[in-house]
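**Q** Here's a structure for you.
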2 protein chains.
Amino acid sequence: MPSPQRRSTPVFAVKSAMKFVAKITTLATLATFGLGASLGPTAVAAAAAKPTDAKLAPAPWTREDLAAAKALRDRLVKGSEAFALVRDLTTEVGPRSAGSAGDAAAVVWAKARLEALGFDRVYTQEVTVPHWDRGELEVRTEAPFPQRLVAASLGGSIGTAQEGVHGEVVRFESLEALKAAPEVAVAGKIVFLDQSMRRDREGKGYGPVVRGRADGASLAGAKGASAIVIRSVGTDATARFAHTGGVIYAINAPRIPAVALANPDADQLARQYATATARQEPVRLFLRSTARELPMAKSANVIGEITGSEFPDEVVVLGGHLDSWDLGHGAIDDGAGVAITTAAAIGIKQAGLKPRRTIRVVLWANEEFGLSGANEYARREKANLGKHIGAVEADFGGARVFRFSSRVAPAAVPAMQQVQSVLAPLGIEWGNNEAGGGADTGPLRREGVPVFNLQQDGTLYFDNHHTVNDTLDKVDPAAVDQATAAYAVLVWLLAQGNLVLR
Amino acid sequence: MPSPQRRSTPVFAVKSAMKFVAKITTLATLATFGLGASLGPTAVAAAAAKPTDAKLAPAPWTREDLAAAKALRDRLVKGSEAFALVRDLTTEVGPRSAGSAGDAAAVVWAKARLEALGFDRVYTQEVTVPHWDRGELEVRTEAPFPQRLVAASLGGSIGTAQEGVHGEVVRFESLEALKAAPEVAVAGKIVFLDQSMRRDREGKGYGPVVRGRADGASLAGAKGASAIVIRSVGTDATARFAHTGGVIYAINAPRIPAVALANPDADQLARQYATATARQEPVRLFLRSTARELPMAKSANVIGEITGSEFPDEVVVLGGHLDSWDLGHGAIDDGAGVAITTAAAIGIKQAGLKPRRTIRVVLWANEEFGLSGANEYARREKANLGKHIGAVEADFGGARVFRFSSRVAPAAVPAMQQVQSVLAPLGIEWGNNEAGGGADTGPLRREGVPVFNLQQDGTLYFDNHHTVNDTLDKVDPAAVDQATAAYAVLVWLLAQGNLVLR
């Protein structure tokens, strides 16, 4: 999962367009986290109140299709390809940030694996991606008490001068407080943005603090700060893992180095700040970073299809993003999503089912650092998006799905609730018709493609999100089988149904 | 807490003596972990079966002393100096491995703090300590799948040649399997010792695996291995923290570099090993380390006393070790022990009590890397050890005490059970009369000084033991107050009682 907003840097050709994209993506992502309440609950309430409407429409599925969905569910929840996929991706490739050698290896790995699994058609779409290297980073307090701090450069951050940056620290407890501060309080100093993230099953703690990660650098830079350090956007209050994630440099502000401190190190800095402030002494920090931007690189969307038997040009899209941040192995972000969606699609074929419409797995390139693959896919498919039945992304870790939501025409909501009734034995409740979809389905959604969310339990997700600790052991094999079963049911029913979703 | 055996390297003058010390320390430490069953339970059973014996001896305490003990307990459990002490030690000093700048800073800090707290007498004892620097370390797999691994050099390990070590991996699941392996299977290879540690409240999982950390390098070196990597001795199966701790180079084996892998990285290596073995291909590792031994350095035991009002030359010793490993802040190992014992002693004075005998807090130098301070203290006090009433160390983290054990003459066991009855409202049960004491009280115990254990809950202790993640947030303020109350009760009753403990 990415930052909620994309960077607007010179690497993107059309800045104003990117800013628009960024804004929309924010909404989509926040909606993923269940924050998309601005659309209002009325449509959902109306739909829920009139379940008998379903009887007026022709039945969307045959008895056979529904029976197959249930059998598929019961088969995949007992065991699927999912865990083996995420195991092998993290073992055989590991870190794979956009443009890196790992990214290239992941494309080769994924294409070979989709072929080996028996997809009817496997191909790639070349994508141009930014390439950033975090280099080396050193952060330490110099006063009042010298200590090394565990930190990570935020994605896209510039480095420091070779001799590093020394500066007095000024601490803010919120982005609003930083916004409100006079320039004189910030100029020449190192800003410490000390906001904590709240743990929540739906990840609702992310939205309120991630703005600080994305926008803090430019806000501080505009007031003359020499660098910014933020408390990591993560719920692991007692683990010395720094959380990376994208920084967004505004066009009209000086760029300054931006780093995240592990939570215990932010605690350390806050304690030193309290002691020093009480003594009316300064806290001084030293930062040295060799982070830098490299020339744009090539990557690819990797695509596998099960060809539709009746309407091969009508497609149901599901997928995850193939790239990861560079620190960890990308097991929960997003090896698990790659695995769940790939296993769901091939699970349908392995069950001997022949979908009427084409089921297309898209493993998007570079989600984390600019949605390059998602935008490229939407651009290439622009003429065909009317034949995209729907799109769904898995990008929220390796835990169980607990809720199903859709974003379809109100008249189709009862059919979606019928999908949920097939999912119910997996412990999946009906959510609403305000699904935000995933970050990578954002460009499709903006073109009118119906999107869905099979919401996974995110209670532990932000403990390891964007850290070195995003490793295979965070993925529960039984949970990814459950999620695989859910995706397979949804995709199968979308591929089979007589539905008018928009 | 240290390795169960001390290193026998040239830094110690008398190697054979050290080996003897090492062996005894092992027994003491294993006993701390409840493994000292070799002494047999008979004495305890006999003592427990004859509680009426207590009636035959003169009452060890006055009603006033017992009432004061209870009041002290109830006062300190509600709040003590303990958390502030460990907070400030970790904030103002942080890492403090033997011979480092942090070690020197810790001595200065501790002396000033004991003085500020109002101990009657504060002084230091100079101690010569080894000084090892871990330098930089890089570990990665080269085949079948290139990945960087999170690792830490074991304490005392030699470095590699500047160009590093490349080698094929041979994996063993136990030290016994490594011992049994023929030379031809090991020579020229990098040994991977892949033993997992079991979680246990008493830390009983430590003993079975720590031998691998201590002795694996020399066993592998003797068979011609070029290096050894071990799975970390730690219970955090899902955290990428490597656990350091001492390696013991045998005199008659070649020294080879020894490193620990974080558990998820050991999992990664094991998966690669399984894949490669199935394909009959090698796993290849690369290690590069600049670890090195520096000249011996000076440190000090820091001592604070509350002078006895009636028998000032009779002393009750309590303490923790002031040094820590270099990776973390030494909050659980052993800032918490320093804090608990210091707070217990000063808590007695702050309660307005005047002990009959002297209460002496000893903050030992360099426990982790050779017990230098403990040996120096015992050497200097040799003539006075007959007047040491007893000695107790806190060195098992920042959790609650759940059990009290002693090692005293059998006739004194009923009195010890009476101590436990005062501790019972804190949730502390009676253990047995086979207390091993702490590592730093080992030299005293071997000279006949009675020792005790106020056993703390170690369920989580080995998650962060000897890692970068040993930070203040692992210390529970209420738990260290409970432990402080327990130490204060024990020490007060030892200082007041008419006891014949040996």
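Following the order of the structure tokens, chains are lettered A, B, ..., residues in each are numbered from 1, and ligands are numbered from 1.
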What are the closest atom pairs, with distances in Å to one decimal, for all residues of chain A lying within 7 Å of chain B? Consider only C-alpha atoms, order rows by chain and residue number, and present the result as a tab-separated table.
**A**
residue	atom	partner	partner_atom	distance
A:Thr91	CA	B:Gln268	CA	6.4
A:Glu92	CA	B:Phe145	CA	5.3
A:Val93	CA	B:Phe145	CA	6.9
A:Gly94	CA	B:Gln147	CA	6.8
A:Phe145	CA	B:Glu92	CA	5.3
A:Gln147	CA	B:Gly94	CA	6.8
A:Thr238	CA	B:Asp473	CA	6.0
A:Ala239	CA	B:Asn469	CA	6.3
A:Arg240	CA	B:Asn469	CA	5.7
A:Pro264	CA	B:Asp473	CA	7.0
A:Gln268	CA	B:Thr91	CA	6.4
A:Gln272	CA	B:Thr91	CA	7.0
A:Asn469	CA	B:Arg240	CA	5.7
A:Asp473	CA	B:Thr238	CA	6.0
**Q** Applying 10 Å and only C-alpha atoms, which residues near Thr307 (chain A) remain after dropping the ones on its own chain fewer than 6 positions away? List them as a list in words.
**A**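 So the residues in contact are Phe119, Asp120, Arg121, Asp313, Glu314, Val315, Lys354, Pro355, Arg356, Arg357, Thr358, Ile359 and Arg360 of chain A.
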**Q** Any chance you can output those residues with N, CA and C atoms as a PDB file, in the first residue's frame?
**A**
ATOM      1  N   PHE A 119      -1.939 -20.395 -16.813  1.00  0.00           N
ATOM      2  CA  PHE A 119      -2.834 -19.358 -17.353  1.00  0.00           C
ATOM      3  C   PHE A 119      -2.892 -19.518 -18.873  1.00  0.00           C
ATOM      4  N   ASP A 120      -4.034 -19.174 -19.470  1.00  0.00           N
ATOM      5  CA  ASP A 120      -4.202 -19.369 -20.907  1.00  0.00           C
ATOM      6  C   ASP A 120      -3.306 -18.429 -21.709  1.00  0.00           C
ATOM      7  N   ARG A 121      -3.085 -17.249 -21.148  1.00  0.00           N
ATOM      8  CA  ARG A 121      -2.268 -16.261 -21.859  1.00  0.00           C
ATOM      9  C   ARG A 121      -1.500 -15.463 -20.818  1.00  0.00           C
ATOM     10  N   ASP A 313     -13.840 -11.001 -24.826  1.00  0.00           N
ATOM     11  CA  ASP A 313     -13.391  -9.600 -24.774  1.00  0.00           C
ATOM     12  C   ASP A 313     -13.955  -8.846 -23.570  1.00  0.00           C
ATOM     13  N   GLU A 314     -14.811  -9.487 -22.799  1.00  0.00           N
ATOM     14  CA  GLU A 314     -15.282  -8.862 -21.555  1.00  0.00           C
ATOM     15  C   GLU A 314     -14.407  -9.392 -20.425  1.00  0.00           C
ATOM     16  N   VAL A 315     -13.883  -8.474 -19.621  1.00  0.00           N
ATOM     17  CA  VAL A 315     -12.881  -8.914 -18.647  1.00  0.00           C
ATOM     18  C   VAL A 315     -13.222  -8.494 -17.215  1.00  0.00           C
ATOM     19  N   LYS A 354     -15.007 -23.169 -16.390  1.00  0.00           N
ATOM     20  CA  LYS A 354     -14.695 -22.392 -17.594  1.00  0.00           C
ATOM     21  C   LYS A 354     -15.512 -21.110 -17.547  1.00  0.00           C
ATOM     22  N   PRO A 355     -14.903 -19.998 -17.179  1.00  0.00           N
ATOM     23  CA  PRO A 355     -15.655 -18.744 -17.058  1.00  0.00           C
ATOM     24  C   PRO A 355     -16.162 -18.253 -18.411  1.00  0.00           C
ATOM     25  N   ARG A 356     -17.339 -17.629 -18.390  1.00  0.00           N
ATOM     26  CA  ARG A 356     -17.914 -17.076 -19.625  1.00  0.00           C
ATOM     27  C   ARG A 356     -17.111 -15.878 -20.099  1.00  0.00           C
ATOM     28  N   ARG A 357     -16.668 -15.063 -19.122  1.00  0.00           N
ATOM     29  CA  ARG A 357     -15.881 -13.874 -19.474  1.00  0.00           C
ATOM     30  C   ARG A 357     -14.422 -14.107 -19.085  1.00  0.00           C
ATOM     31  N   THR A 358     -13.556 -13.293 -19.626  1.00  0.00           N
ATOM     32  CA  THR A 358     -12.119 -13.435 -19.344  1.00  0.00           C
ATOM     33  C   THR A 358     -11.801 -12.946 -17.928  1.00  0.00           C
ATOM     34  N   ILE A 359     -11.016 -13.736 -17.238  1.00  0.00           N
ATOM     35  CA  ILE A 359     -10.518 -13.347 -15.915  1.00  0.00           C
ATOM     36  C   ILE A 359      -9.055 -12.965 -16.089  1.00  0.00           C
ATOM     37  N   ARG A 360      -8.756 -11.745 -15.735  1.00  0.00           N
ATOM     38  CA  ARG A 360      -7.413 -11.207 -15.997  1.00  0.00           C
ATOM     39  C   ARG A 360      -6.741 -10.799 -14.677  1.00  0.00           C
TER      40      ARG A 360
END
**Q** Let's see if you can do this: from backbone DSSP, list all alpha helix (DSSP H) residues in region 411-454 of chain A, as a ChimeraX atom specification.
**A** /A:413-423,442-445
**Q** Using N, CA, C and O atoms, can you export the residues from the last selection as a PDB file, in the first residue's frame?
**A**
ATOM      1  N   VAL A 413     -27.072  -3.471  -6.368  1.00  0.00           N
ATOM      2  CA  VAL A 413     -26.658  -3.760  -4.993  1.00  0.00           C
ATOM      3  C   VAL A 413     -27.237  -5.087  -4.473  1.00  0.00           C
ATOM      4  O   VAL A 413     -26.513  -5.869  -3.839  1.00  0.00           O
ATOM      5  N   PRO A 414     -28.497  -5.377  -4.742  1.00  0.00           N
ATOM      6  CA  PRO A 414     -29.005  -6.679  -4.257  1.00  0.00           C
ATOM      7  C   PRO A 414     -28.194  -7.858  -4.799  1.00  0.00           C
ATOM      8  O   PRO A 414     -27.958  -8.835  -4.077  1.00  0.00           O
ATOM      9  N   ALA A 415     -27.738  -7.754  -6.028  1.00  0.00           N
ATOM     10  CA  ALA A 415     -26.900  -8.834  -6.571  1.00  0.00           C
ATOM     11  C   ALA A 415     -25.594  -8.923  -5.796  1.00  0.00           C
ATOM     12  O   ALA A 415     -25.075 -10.013  -5.518  1.00  0.00           O
ATOM     13  N   MET A 416     -25.060  -7.762  -5.429  1.00  0.00           N
ATOM     14  CA  MET A 416     -23.812  -7.753  -4.640  1.00  0.00           C
ATOM     15  C   MET A 416     -24.054  -8.384  -3.269  1.00  0.00           C
ATOM     16  O   MET A 416     -23.193  -9.080  -2.722  1.00  0.00           O
ATOM     17  N   GLN A 417     -25.231  -8.127  -2.738  1.00  0.00           N
ATOM     18  CA  GLN A 417     -25.549  -8.738  -1.446  1.00  0.00           C
ATOM     19  C   GLN A 417     -25.720 -10.249  -1.592  1.00  0.00           C
ATOM     20  O   GLN A 417     -25.441 -11.002  -0.659  1.00  0.00           O
ATOM     21  N   GLN A 418     -26.119 -10.658  -2.778  1.00  0.00           N
ATOM     22  CA  GLN A 418     -26.193 -12.101  -3.031  1.00  0.00           C
ATOM     23  C   GLN A 418     -24.776 -12.694  -3.087  1.00  0.00           C
ATOM     24  O   GLN A 418     -24.536 -13.796  -2.591  1.00  0.00           O
ATOM     25  N   VAL A 419     -23.842 -11.941  -3.661  1.00  0.00           N
ATOM     26  CA  VAL A 419     -22.436 -12.374  -3.624  1.00  0.00           C
ATOM     27  C   VAL A 419     -22.004 -12.542  -2.163  1.00  0.00           C
ATOM     28  O   VAL A 419     -21.396 -13.555  -1.781  1.00  0.00           O
ATOM     29  N   GLN A 420     -22.374 -11.554  -1.369  1.00  0.00           N
ATOM     30  CA  GLN A 420     -21.976 -11.616   0.053  1.00  0.00           C
ATOM     31  C   GLN A 420     -22.562 -12.844   0.727  1.00  0.00           C
ATOM     32  O   GLN A 420     -21.916 -13.457   1.583  1.00  0.00           O
ATOM     33  N   SER A 421     -23.769 -13.215   0.349  1.00  0.00           N
ATOM     34  CA  SER A 421     -24.377 -14.386   1.002  1.00  0.00           C
ATOM     35  C   SER A 421     -23.578 -15.656   0.701  1.00  0.00           C
ATOM     36  O   SER A 421     -23.528 -16.571   1.524  1.00  0.00           O
ATOM     37  N   VAL A 422     -22.934 -15.692  -0.453  1.00  0.00           N
ATOM     38  CA  VAL A 422     -22.064 -16.841  -0.751  1.00  0.00           C
ATOM     39  C   VAL A 422     -20.764 -16.752   0.052  1.00  0.00           C
ATOM     40  O   VAL A 422     -20.171 -17.761   0.427  1.00  0.00           O
ATOM     41  N   LEU A 423     -20.339 -15.528   0.333  1.00  0.00           N
ATOM     42  CA  LEU A 423     -19.112 -15.318   1.107  1.00  0.00           C
ATOM     43  C   LEU A 423     -19.329 -15.496   2.619  1.00  0.00           C
ATOM     44  O   LEU A 423     -18.355 -15.711   3.360  1.00  0.00           O
ATOM     45  N   GLY A 442      -7.683   2.552  -9.056  1.00  0.00           N
ATOM     46  CA  GLY A 442      -8.142   3.943  -9.087  1.00  0.00           C
ATOM     47  C   GLY A 442      -8.323   4.491 -10.497  1.00  0.00           C
ATOM     48  O   GLY A 442      -9.374   5.053 -10.822  1.00  0.00           O
ATOM     49  N   PRO A 443      -7.320   4.327 -11.386  1.00  0.00           N
ATOM     50  CA  PRO A 443      -7.477   4.848 -12.750  1.00  0.00           C
ATOM     51  C   PRO A 443      -8.659   4.196 -13.494  1.00  0.00           C
ATOM     52  O   PRO A 443      -9.279   4.844 -14.337  1.00  0.00           O
ATOM     53  N   LEU A 444      -8.957   2.948 -13.179  1.00  0.00           N
ATOM     54  CA  LEU A 444     -10.107   2.286 -13.814  1.00  0.00           C
ATOM     55  C   LEU A 444     -11.407   2.840 -13.245  1.00  0.00           C
ATOM     56  O   LEU A 444     -12.366   3.110 -13.977  1.00  0.00           O
ATOM     57  N   ARG A 445     -11.436   2.988 -11.952  1.00  0.00           N
ATOM     58  CA  ARG A 445     -12.629   3.513 -11.297  1.00  0.00           C
ATOM     59  C   ARG A 445     -12.981   4.886 -11.836  1.00  0.00           C
ATOM     60  O   ARG A 445     -14.147   5.212 -12.063  1.00  0.00           O
TER      61      ARG A 445
END
**Q** Of the candidates A:Ala242, A:Val392, A:Val401, A:Ala187, which shows the shortest atom-to-atom distance to Gly436 (chain A), using only C-alpha atoms?
**A**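 Going through A:Ala242, A:Val392, A:Val401, A:Ala187 one by one, the smallest distance to Gly436 (chain A) is for A:Val392.
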**Q** Quick one: residues within 8 Å of Ser372 (chain B), only C-alpha atoms, excluding same-chain residues fewer than 6 positions away - as number ranges by chain?
**A** B: 127-129, 365-366
**Q** Please produce a file of the residues just selected, as a PDB file, in the first residue's frame, where the atoms kept are C-alpha atoms.
**A**
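The result, stored in again_30.pdb:
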ATOM      1  CA  VAL B 127      37.850  -2.380  37.000  1.00  0.00           C
ATOM      2  CA  THR B 128      39.874  -3.341  33.932  1.00  0.00           C
ATOM      3  CA  VAL B 129      37.612  -4.522  31.139  1.00  0.00           C
ATOM      4  CA  ALA B 365      30.979  -3.247  35.631  1.00  0.00           C
ATOM      5  CA  ASN B 366      31.138  -5.431  32.542  1.00  0.00           C
TER       6      ASN B 366
END
**Q** Do a neighbour search on Ser405 (chain B) at 8 Å with only C-alpha atoms, toss out local chain neighbours closer than 4 positions, and write the hits as a PyMOL selection string.
**A** chain B and resi 430-435+452-455
**Q** Would you kindly return, as a ChimeraX atom specification, each protein, DNA or RNA residue with an atom no farther than 12 Å from any atom of Ser299 (chain B), considering only C-alpha atoms and excluding same-chain residues fewer than 2 positions away?
**A** /B:96-108,124-131,296-297,301-302,322-323,363-367,372-373,376
**Q** Rounded to one decimal, what separation in Å do you get between CA of Lys189 (chain A) and CA of Gly164 (chain A)?
**A**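 Spanning CA of Lys189 (chain A) to CA of Gly164 (chain A) is a straight-line distance of 13.7 Å.
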**Q** Can you tell me, as a count of residues only, which residues in region 156-405 of chain A count as strand (DSSP E or B) by DSSP?
**A** 73
**Q** Counting only C-alpha atoms, figure out which residue out of A:Lys111, A:Arg292, A:Arg75, A:Lys298 gets nearest to Ala161 (chain A).
**A** A:Arg292
**Q** Please compute the CA of Ser196 (chain B)-CA of Val247 (chain B) distance, one decimal, in Å.
**A** 17.6 Å
**Q** Smallest atom-to-atom distance to Asn375 (chain A): which of A:Arg231, A:His466, A:Lys223, A:Arg446, using only C-alpha atoms?
**A**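 Using only C-alpha atoms, the shortest distance to Asn375 (chain A) belongs to A:Arg446.
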**Q** Quick one: residues within 7 Å of region 258-262 of chain A, only C-alpha atoms, excluding same-chain residues fewer than 5 positions away - as a ChimeraX atom specification?
**A** /A:150-154,157,217,227-232,240-244
**Q** Generate the output file for the selected residues, N, CA and C atoms, as a tab-separated table (two decimals), in the first residue's frame.
**A**
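This is the output file out-v8.tsv:
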chain	number	residue	atom	x	y	z
A	150	VAL	N	17.41	4.91	15.22
A	150	VAL	CA	17.02	4.05	14.10
A	150	VAL	C	16.07	4.84	13.22
A	151	ALA	N	16.42	4.98	11.97
A	151	ALA	CA	15.66	5.84	11.05
A	151	ALA	C	15.71	5.30	9.64
A	152	ALA	N	14.82	5.77	8.80
A	152	ALA	CA	14.83	5.43	7.37
A	152	ALA	C	14.44	6.66	6.58
A	153	SER	N	15.14	6.88	5.47
A	153	SER	CA	14.74	7.98	4.59
A	153	SER	C	13.35	7.69	4.03
A	154	LEU	N	12.54	8.72	3.92
A	154	LEU	CA	11.25	8.56	3.26
A	154	LEU	C	11.49	8.42	1.75
A	157	SER	N	13.01	11.02	-0.84
A	157	SER	CA	13.73	12.10	-0.15
A	157	SER	C	15.06	12.39	-0.83
A	217	ALA	N	7.47	17.56	4.74
A	217	ALA	CA	8.75	18.06	4.25
A	217	ALA	C	8.58	19.41	3.56
A	227	ALA	N	15.72	20.22	7.58
A	227	ALA	CA	15.37	18.80	7.42
A	227	ALA	C	14.13	18.53	8.25
A	228	ILE	N	13.50	17.37	7.99
A	228	ILE	CA	12.37	16.96	8.82
A	228	ILE	C	12.56	15.51	9.23
A	229	VAL	N	12.30	15.24	10.51
A	229	VAL	CA	12.22	13.85	10.98
A	229	VAL	C	10.81	13.66	11.52
A	230	ILE	N	10.17	12.56	11.11
A	230	ILE	CA	8.82	12.28	11.61
A	230	ILE	C	8.84	11.00	12.42
A	231	ARG	N	7.91	10.90	13.37
A	231	ARG	CA	7.66	9.61	14.02
A	231	ARG	C	7.07	8.69	12.95
A	232	SER	N	7.55	7.47	12.87
A	232	SER	CA	7.09	6.55	11.84
A	232	SER	C	5.57	6.42	11.82
A	240	ARG	N	11.83	-1.27	17.07
A	240	ARG	CA	12.73	-0.31	16.42
A	240	ARG	C	12.83	-0.58	14.92
A	241	PHE	N	11.68	-0.40	14.26
A	241	PHE	CA	11.64	-0.46	12.81
A	241	PHE	C	11.16	0.90	12.31
A	242	ALA	N	11.93	1.52	11.45
A	242	ALA	CA	11.47	2.77	10.84
A	242	ALA	C	10.61	2.44	9.63
A	243	HIS	N	9.54	3.21	9.45
A	243	HIS	CA	8.60	2.98	8.34
A	243	HIS	C	8.87	3.99	7.24
A	244	THR	N	9.22	3.50	6.05
A	244	THR	CA	9.37	4.40	4.93
A	244	THR	C	8.01	4.64	4.28
**Q** Rounded to one decimal in Å, what is the spacing between CA of Thr484 (chain B) and CA of Gly448 (chain B)?
**A**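 Distance reported for this atom pair: 25.6 Å.
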**Q** Hey, what's within 7 Å of Val209 (chain B) if we count only C-alpha atoms and toss same-chain stuff fewer than 5 positions away? As a ChimeraX atom specification, please?
**A** /B:195,197,233
